[in-house]
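Have a look at the structure below before the remarks.
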Amino acid sequence: MVLVYAESPRGQIRKAAFEAVSFGRKLAEQLQMPCAAIVLGSVQGDAGELGRYGASRVFQVVHEGLHSLDSQVFTAVLAEAAQRLEASVLVLSHTSTGKTLAGRLAVRLKAGLVSGINGIASVGNDGSLQVLKPVFSGKATAEYSISSPVKVISLMGNAVRPEASGQPVPVEKLEIAVPAARVRVREVRTIEGRVPLPEAEIVVSAGRGMKDPSNWGIIEELANALGATTACSRPVADSHWRPHHEHVGQTGISIRPNLYIAVGISGAIQHLAGVNNSKVIVVINKDPEAPFFKAADYGVVGDLFEVVPRLTEAVRRFKAAQ
Amino acid sequence: MKFLVCISQTPDTTARVAFTPDGKAYDSTGVTFIMNPYDEWYALVRACELREALGGTVVAFHVGPAANETTIRKALAIGADEAVRVDAEPTSAAFTARQIAEYARSENFDLIFLGKETIDYNGAEVGAMVAEHLDLPYIALASKLDVEGSTAIVERDIEGGVEVVEVPLPLVVSAAKGMAEQRIPNMRGIMLARTKPLKVIPPVPVEEFVSVVKFTLPPPKAGVKLIDPENMDELVRLLHEEAKVI
Ligand SMILES: Cc1cc2nc3c(=O)[nH]c(=O)nc-3n(C[C@H](O)[C@H](O)[C@H](O)COP(=O)(O)OP(=O)(O)OC[C@H]3O[C@@H](n4cnc5c(N)ncnc54)[C@H](O)[C@@H]3O)c2cc1C
Ligand SMILES: Nc1ncnc2c1ncn2[C@@H]1O[C@H](COP(=O)(O)O)[C@@H](O)[C@H]1O
């Protein structure tokens, strides 16, 4: 079977998990196998909802030792479940959790691993699986073949849309011994309000063209009108105009939203590397020669201090008319 | 304290991305290689800072051919005390992780640092593999790390925030932005690096399960559609009707 680890950091099954299950179901159809999901720890709401996204069975291991992530504990439990359920493909999300676990699970299960994939290329008659993965920060795609009997893959965020087409299923409790944790969580600090950047479907991003951090209000207003998350170029984070976790690019976060609006960003190659997999790119820059226009779908040549407030108004009018 | 820092080499961030005509390999003709930024700016510098504060040694570890020695010398110039190179082409994350683990197994490192990912193949795979081979705790995407006695206090990046954790040493960590500030090697460091020990060891064989079928470049964009800056209603209309993203 295809077994999808539906991650639930701090007890919440997130978008990444629904994407992974939707993806797992499609893969399972290609492989002519069932698709199951596994949840570790207790969660808010009904884990059986994963059935809607394509899991024909949903397993859960409930234990207080699974409340926070300890890679040794989670690996032991997931590997045991994968073996017991005879999973031939284990699907994870390419998130902070997935990155912590994927390599461990591959070693433990003697499995071939390709992380951060965004699609399946083909299924071999010899039991191999060919997967697609963006490499060189999105500047190219690699097709890899995995030949081991058990395979581990992790799915890039926003690569598939979660599709709720099925029915919820009853949750089956799995009894698996949970080893003692060595990692103890002292504190979690989350940024309240907005959708986290890697999950965001619309991102409004700004660069040095903003001149001064005090001008950021117009970016916030555009983001609010669109229900978007904000991001920035590296020099903006380096000069502490914006927090580091908003820095996108080759050395920052790599994102692939449906819509990326770049305001006053020149479009240096290192910046593009983190955003050029976005579905649609809009560039607002006063310099018609800015390299970003070459990577853009829609461009506005103009002064951002005039264009952005005008765009915000247009978005508000559009939303009000909807 | 003993620190191991795993150093990889990647094409310069501005390097053109091209592949051999059969699409099977990266075409490195004319490409300058650099130390992977996460390994250099964050992992290596933080290891050096901790050695300066707590005493001990920093070993830089690299899997790669002799041609990569400039990268290793740079790690020594920045502050590593000694270096080890496994004389082999790093063919996969699984291969690299085994080389690191085989070496580290007998050396009793307190902290094993890696970068959060290499900027070419964007794996984020090696660190967790090393930790599993050595049966050690692993914290990925660490943006802050302090040592208190035999415990590490680590902040790790999570979606939409950070989690602060306490973990007993020994420990494997992958370093993300924030862990340290980039250090430019000075003349003294560069001179010293020439005399620091660099050991070359043979690889251990590893069974490979993953192979490259081919690389492809994305199709060129259709070209930008320019919108009148006075007419943002038109942009909104296109985003809704044509691009279907709002
Ligand atoms: C190893 C390495 C890694 C890097 N990694 C990253 C990374 O991950 N992410 C990243 O972003 N950068 C990265 N960089 C930096 C990158 O090379 C660029 O320096 C940076 O992206 C430039 O940021 P910017 O576009 O905000 O600023 P600038 O290049 O200064 O561009 C500002 C733009 O604003 C426009 N502008 C100014 N005023 C207005 C106005 N009133 N209205 C409209 N437009 C206006 C200008 O025309 C210009 O195009 C990296 C560099 C190196 C060497
Ligand atoms: N050839 C190598 N030699 C030594 N360390 C490496 C090598 N390749 C990768 N690493 C380490 O593993 C980290 C993550 O790499 P990856 O999993 O390939 O993204 C890098 O940041 C390095 O610290």
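For the structure tokens, the naming scheme is as follows: chains receive sequential letters (A, B, ...) according to their order of presentation, residues are indexed from 1 within each chain, and ligands are indexed from 1 in presentation order.
Excluding Lys24 of chain B itself and same-chain residues fewer than 4 positions from it, the residues having an atom within 7 Å of it are B:Thr20, B:Val212, B:Val213, B:Lys214, B:Phe215, counting only C-alpha atoms.
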May I ask you to write as a PDB file with N, CA, C and O atoms, in the first residue's frame all residues lying at most 6 Å from ligand 1, with only C-alpha atoms and all ligand atoms counted?
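Contents of out-v5.pdb, freshly written:
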ATOM      1  N   GLY A 207      10.980  44.711  -1.819  1.00  0.00           N
ATOM      2  CA  GLY A 207      12.432  44.790  -1.721  1.00  0.00           C
ATOM      3  C   GLY A 207      12.905  46.183  -1.363  1.00  0.00           C
ATOM      4  O   GLY A 207      12.155  46.989  -0.793  1.00  0.00           O
ATOM      5  N   ARG A 208      14.156  46.435  -1.742  1.00  0.00           N
ATOM      6  CA  ARG A 208      14.798  47.676  -1.352  1.00  0.00           C
ATOM      7  C   ARG A 208      14.120  48.900  -1.943  1.00  0.00           C
ATOM      8  O   ARG A 208      14.314  50.014  -1.455  1.00  0.00           O
ATOM      9  N   GLY A 209      13.333  48.688  -2.991  1.00  0.00           N
ATOM     10  CA  GLY A 209      12.595  49.808  -3.578  1.00  0.00           C
ATOM     11  C   GLY A 209      11.652  50.484  -2.594  1.00  0.00           C
ATOM     12  O   GLY A 209      11.190  51.594  -2.830  1.00  0.00           O
ATOM     13  N   SER A 233      12.850  40.587   0.072  1.00  0.00           N
ATOM     14  CA  SER A 233      14.144  40.189  -0.485  1.00  0.00           C
ATOM     15  C   SER A 233      15.175  40.166   0.649  1.00  0.00           C
ATOM     16  O   SER A 233      14.933  40.665   1.741  1.00  0.00           O
ATOM     17  N   ARG A 234      16.328  39.603   0.334  1.00  0.00           N
ATOM     18  CA  ARG A 234      17.317  39.414   1.397  1.00  0.00           C
ATOM     19  C   ARG A 234      17.850  40.707   2.013  1.00  0.00           C
ATOM     20  O   ARG A 234      17.957  40.805   3.243  1.00  0.00           O
ATOM     21  N   PRO A 235      18.219  41.722   1.197  1.00  0.00           N
ATOM     22  CA  PRO A 235      18.748  42.927   1.841  1.00  0.00           C
ATOM     23  C   PRO A 235      17.757  43.546   2.824  1.00  0.00           C
ATOM     24  O   PRO A 235      18.164  44.130   3.833  1.00  0.00           O
ATOM     25  N   VAL A 248      12.771  35.454   1.173  1.00  0.00           N
ATOM     26  CA  VAL A 248      12.665  34.373   0.191  1.00  0.00           C
ATOM     27  C   VAL A 248      13.832  34.437  -0.782  1.00  0.00           C
ATOM     28  O   VAL A 248      14.435  35.486  -0.992  1.00  0.00           O
ATOM     29  N   GLY A 249      14.149  33.291  -1.358  1.00  0.00           N
ATOM     30  CA  GLY A 249      15.245  33.226  -2.314  1.00  0.00           C
ATOM     31  C   GLY A 249      16.121  32.024  -2.048  1.00  0.00           C
ATOM     32  O   GLY A 249      15.793  31.177  -1.227  1.00  0.00           O
ATOM     33  N   GLN A 250      17.229  32.010  -2.754  1.00  0.00           N
ATOM     34  CA  GLN A 250      18.118  30.855  -2.681  1.00  0.00           C
ATOM     35  C   GLN A 250      18.612  30.582  -1.267  1.00  0.00           C
ATOM     36  O   GLN A 250      18.759  29.435  -0.869  1.00  0.00           O
ATOM     37  N   THR A 251      18.884  31.644  -0.517  1.00  0.00           N
ATOM     38  CA  THR A 251      19.362  31.428   0.846  1.00  0.00           C
ATOM     39  C   THR A 251      18.265  31.716   1.873  1.00  0.00           C
ATOM     40  O   THR A 251      18.527  31.775   3.062  1.00  0.00           O
ATOM     41  N   GLY A 252      17.060  31.913   1.401  1.00  0.00           N
ATOM     42  CA  GLY A 252      15.939  32.097   2.317  1.00  0.00           C
ATOM     43  C   GLY A 252      14.948  30.975   2.103  1.00  0.00           C
ATOM     44  O   GLY A 252      15.326  29.847   1.802  1.00  0.00           O
ATOM     45  N   GLY A 264       9.141  46.463  -6.044  1.00  0.00           N
ATOM     46  CA  GLY A 264      10.441  47.099  -5.786  1.00  0.00           C
ATOM     47  C   GLY A 264      11.548  46.104  -5.522  1.00  0.00           C
ATOM     48  O   GLY A 264      12.396  46.317  -4.660  1.00  0.00           O
ATOM     49  N   ILE A 265      11.508  44.988  -6.249  1.00  0.00           N
ATOM     50  CA  ILE A 265      12.564  43.965  -6.154  1.00  0.00           C
ATOM     51  C   ILE A 265      13.172  43.854  -7.546  1.00  0.00           C
ATOM     52  O   ILE A 265      12.443  43.741  -8.533  1.00  0.00           O
ATOM     53  N   SER A 266      14.510  43.889  -7.639  1.00  0.00           N
ATOM     54  CA  SER A 266      15.131  43.929  -8.966  1.00  0.00           C
ATOM     55  C   SER A 266      15.041  42.588  -9.693  1.00  0.00           C
ATOM     56  O   SER A 266      15.019  42.556 -10.921  1.00  0.00           O
ATOM     57  N   GLY A 267      15.015  41.478  -8.934  1.00  0.00           N
ATOM     58  CA  GLY A 267      14.930  40.175  -9.597  1.00  0.00           C
ATOM     59  C   GLY A 267      16.298  39.550  -9.813  1.00  0.00           C
ATOM     60  O   GLY A 267      16.556  38.930 -10.851  1.00  0.00           O
ATOM     61  N   ALA A 268      17.184  39.702  -8.819  1.00  0.00           N
ATOM     62  CA  ALA A 268      18.501  39.055  -8.876  1.00  0.00           C
ATOM     63  C   ALA A 268      18.305  37.549  -8.941  1.00  0.00           C
ATOM     64  O   ALA A 268      17.324  37.014  -8.415  1.00  0.00           O
ATOM     65  N   GLN A 270      19.556  35.147  -7.389  1.00  0.00           N
ATOM     66  CA  GLN A 270      19.379  34.437  -6.105  1.00  0.00           C
ATOM     67  C   GLN A 270      17.980  34.638  -5.540  1.00  0.00           C
ATOM     68  O   GLN A 270      17.488  33.819  -4.787  1.00  0.00           O
ATOM     69  N   HIS A 271      17.369  35.751  -5.874  1.00  0.00           N
ATOM     70  CA  HIS A 271      15.992  35.972  -5.429  1.00  0.00           C
ATOM     71  C   HIS A 271      15.046  35.093  -6.256  1.00  0.00           C
ATOM     72  O   HIS A 271      14.205  34.369  -5.710  1.00  0.00           O
ATOM     73  N   ASN A 285       7.733  47.621 -10.763  1.00  0.00           N
ATOM     74  CA  ASN A 285       9.061  48.209 -10.638  1.00  0.00           C
ATOM     75  C   ASN A 285       9.112  49.438 -11.526  1.00  0.00           C
ATOM     76  O   ASN A 285       8.548  49.438 -12.622  1.00  0.00           O
ATOM     77  N   LYS A 286       9.808  50.479 -11.063  1.00  0.00           N
ATOM     78  CA  LYS A 286       9.830  51.708 -11.881  1.00  0.00           C
ATOM     79  C   LYS A 286      10.855  51.615 -13.009  1.00  0.00           C
ATOM     80  O   LYS A 286      10.833  52.424 -13.930  1.00  0.00           O
ATOM     81  N   ASP A 287      11.744  50.628 -12.922  1.00  0.00           N
ATOM     82  CA  ASP A 287      12.781  50.483 -13.933  1.00  0.00           C
ATOM     83  C   ASP A 287      12.366  49.431 -14.964  1.00  0.00           C
ATOM     84  O   ASP A 287      12.337  48.235 -14.659  1.00  0.00           O
ATOM     85  N   ALA A 290      14.460  46.289 -15.229  1.00  0.00           N
ATOM     86  CA  ALA A 290      14.677  45.389 -14.077  1.00  0.00           C
ATOM     87  C   ALA A 290      14.589  43.932 -14.547  1.00  0.00           C
ATOM     88  O   ALA A 290      13.652  43.559 -15.255  1.00  0.00           O
ATOM     89  N   GLY A 302       6.179  51.387 -13.072  1.00  0.00           N
ATOM     90  CA  GLY A 302       5.677  52.599 -12.429  1.00  0.00           C
ATOM     91  C   GLY A 302       6.209  52.721 -11.014  1.00  0.00           C
ATOM     92  O   GLY A 302       6.886  51.809 -10.505  1.00  0.00           O
ATOM     93  N   ASP A 303       5.905  53.841 -10.389  1.00  0.00           N
ATOM     94  CA  ASP A 303       6.364  54.097  -9.024  1.00  0.00           C
ATOM     95  C   ASP A 303       5.485  53.308  -8.044  1.00  0.00           C
ATOM     96  O   ASP A 303       4.272  53.502  -8.000  1.00  0.00           O
ATOM     97  N   LEU A 304       6.116  52.450  -7.283  1.00  0.00           N
ATOM     98  CA  LEU A 304       5.345  51.566  -6.396  1.00  0.00           C
ATOM     99  C   LEU A 304       4.489  52.348  -5.407  1.00  0.00           C
ATOM    100  O   LEU A 304       3.417  51.878  -5.004  1.00  0.00           O
ATOM    101  N   PHE A 305       4.953  53.557  -5.017  1.00  0.00           N
ATOM    102  CA  PHE A 305       4.190  54.317  -4.024  1.00  0.00           C
ATOM    103  C   PHE A 305       2.851  54.799  -4.588  1.00  0.00           C
ATOM    104  O   PHE A 305       1.946  55.138  -3.853  1.00  0.00           O
TER     105      PHE A 305
ATOM    106  N   THR B  13      26.188  30.748  -6.748  1.00  0.00           N
ATOM    107  CA  THR B  13      24.751  31.038  -6.848  1.00  0.00           C
ATOM    108  C   THR B  13      24.352  31.700  -8.166  1.00  0.00           C
ATOM    109  O   THR B  13      23.195  31.677  -8.544  1.00  0.00           O
TER     110      THR B  13
END
task: Can you tell me which residues come within 7 Å of ligand 2 when counting only C-alpha atoms and all ligand atoms, ideally as an MDAnalysis selection string?
output: chainID B and resid 5:9 36 38:39 61:64 90 93 96 113:118 121:127
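Considering only C-alpha atoms, the residue among A:Gly299, A:Phe136, A:Leu105, A:Val280 positioned nearest to Thr14 of chain B is A:Phe136.
Considering the residues A:Gly51, A:Gly274, A:Gly116, A:Pro170 and counting only C-alpha atoms, chain B has its shortest atom-to-atom contact with A:Gly116.
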query: Mind checking DSSP for segment 13-140 of chain A and telling me the alpha helix (DSSP H) residues as a ChimeraX atom specification?
result: /A:15-31,71-84,96-108
field: Long-range neighbours of Ile117 of chain A as a PyMOL selection string, 7 Å cut-off, only C-alpha atoms, 4 positions minimum in chain
entry: chain A and resi 131-134+154-156
Give me a file of those residues, with N, CA, C and O atoms, as an mmCIF file, in the first residue's frame.
data_model
loop_
_atom_site.group_PDB
_atom_site.id
_atom_site.type_symbol
_atom_site.label_atom_id
_atom_site.label_comp_id
_atom_site.auth_asym_id
_atom_site.auth_seq_id
_atom_site.Cartn_x
_atom_site.Cartn_y
_atom_site.Cartn_z
ATOM 1 N N VAL A 131 10.233 9.749 -10.192
ATOM 2 C CA VAL A 131 9.630 10.947 -9.607
ATOM 3 C C VAL A 131 10.304 12.209 -10.128
ATOM 4 O O VAL A 131 11.445 12.168 -10.583
ATOM 5 N N LEU A 132 9.577 13.328 -10.064
ATOM 6 C CA LEU A 132 10.098 14.613 -10.532
ATOM 7 C C LEU A 132 10.351 15.523 -9.351
ATOM 8 O O LEU A 132 9.536 15.588 -8.422
ATOM 9 N N LYS A 133 11.465 16.227 -9.405
ATOM 10 C CA LYS A 133 11.819 17.091 -8.287
ATOM 11 C C LYS A 133 12.478 18.356 -8.801
ATOM 12 O O LYS A 133 13.380 18.287 -9.629
ATOM 13 N N PRO A 134 12.042 19.535 -8.319
ATOM 14 C CA PRO A 134 12.740 20.760 -8.710
ATOM 15 C C PRO A 134 14.126 20.789 -8.050
ATOM 16 O O PRO A 134 14.244 20.499 -6.854
ATOM 17 N N SER A 154 9.004 12.631 -0.277
ATOM 18 C CA SER A 154 8.326 13.717 0.438
ATOM 19 C C SER A 154 7.871 14.736 -0.592
ATOM 20 O O SER A 154 8.563 15.004 -1.573
ATOM 21 N N LEU A 155 6.686 15.279 -0.356
ATOM 22 C CA LEU A 155 6.016 16.132 -1.336
ATOM 23 C C LEU A 155 6.184 17.598 -0.982
ATOM 24 O O LEU A 155 5.896 18.049 0.124
ATOM 25 N N MET A 156 6.627 18.340 -1.976
ATOM 26 C CA MET A 156 6.787 19.788 -1.876
ATOM 27 C C MET A 156 5.427 20.465 -1.618
ATOM 28 O O MET A 156 4.424 20.008 -2.173
#
- request: Write out as an MDAnalysis selection string the residues lying within 12 Å of segment 152-157 of chain B, counting only C-alpha atoms and excluding same-chain residues fewer than 5 positions away.
  value: (chainID A and resid 69 95:97 99:100 182:191 196 198 244:245 252:253) or (chainID B and resid 50 110:112 116 137:147 162:179)
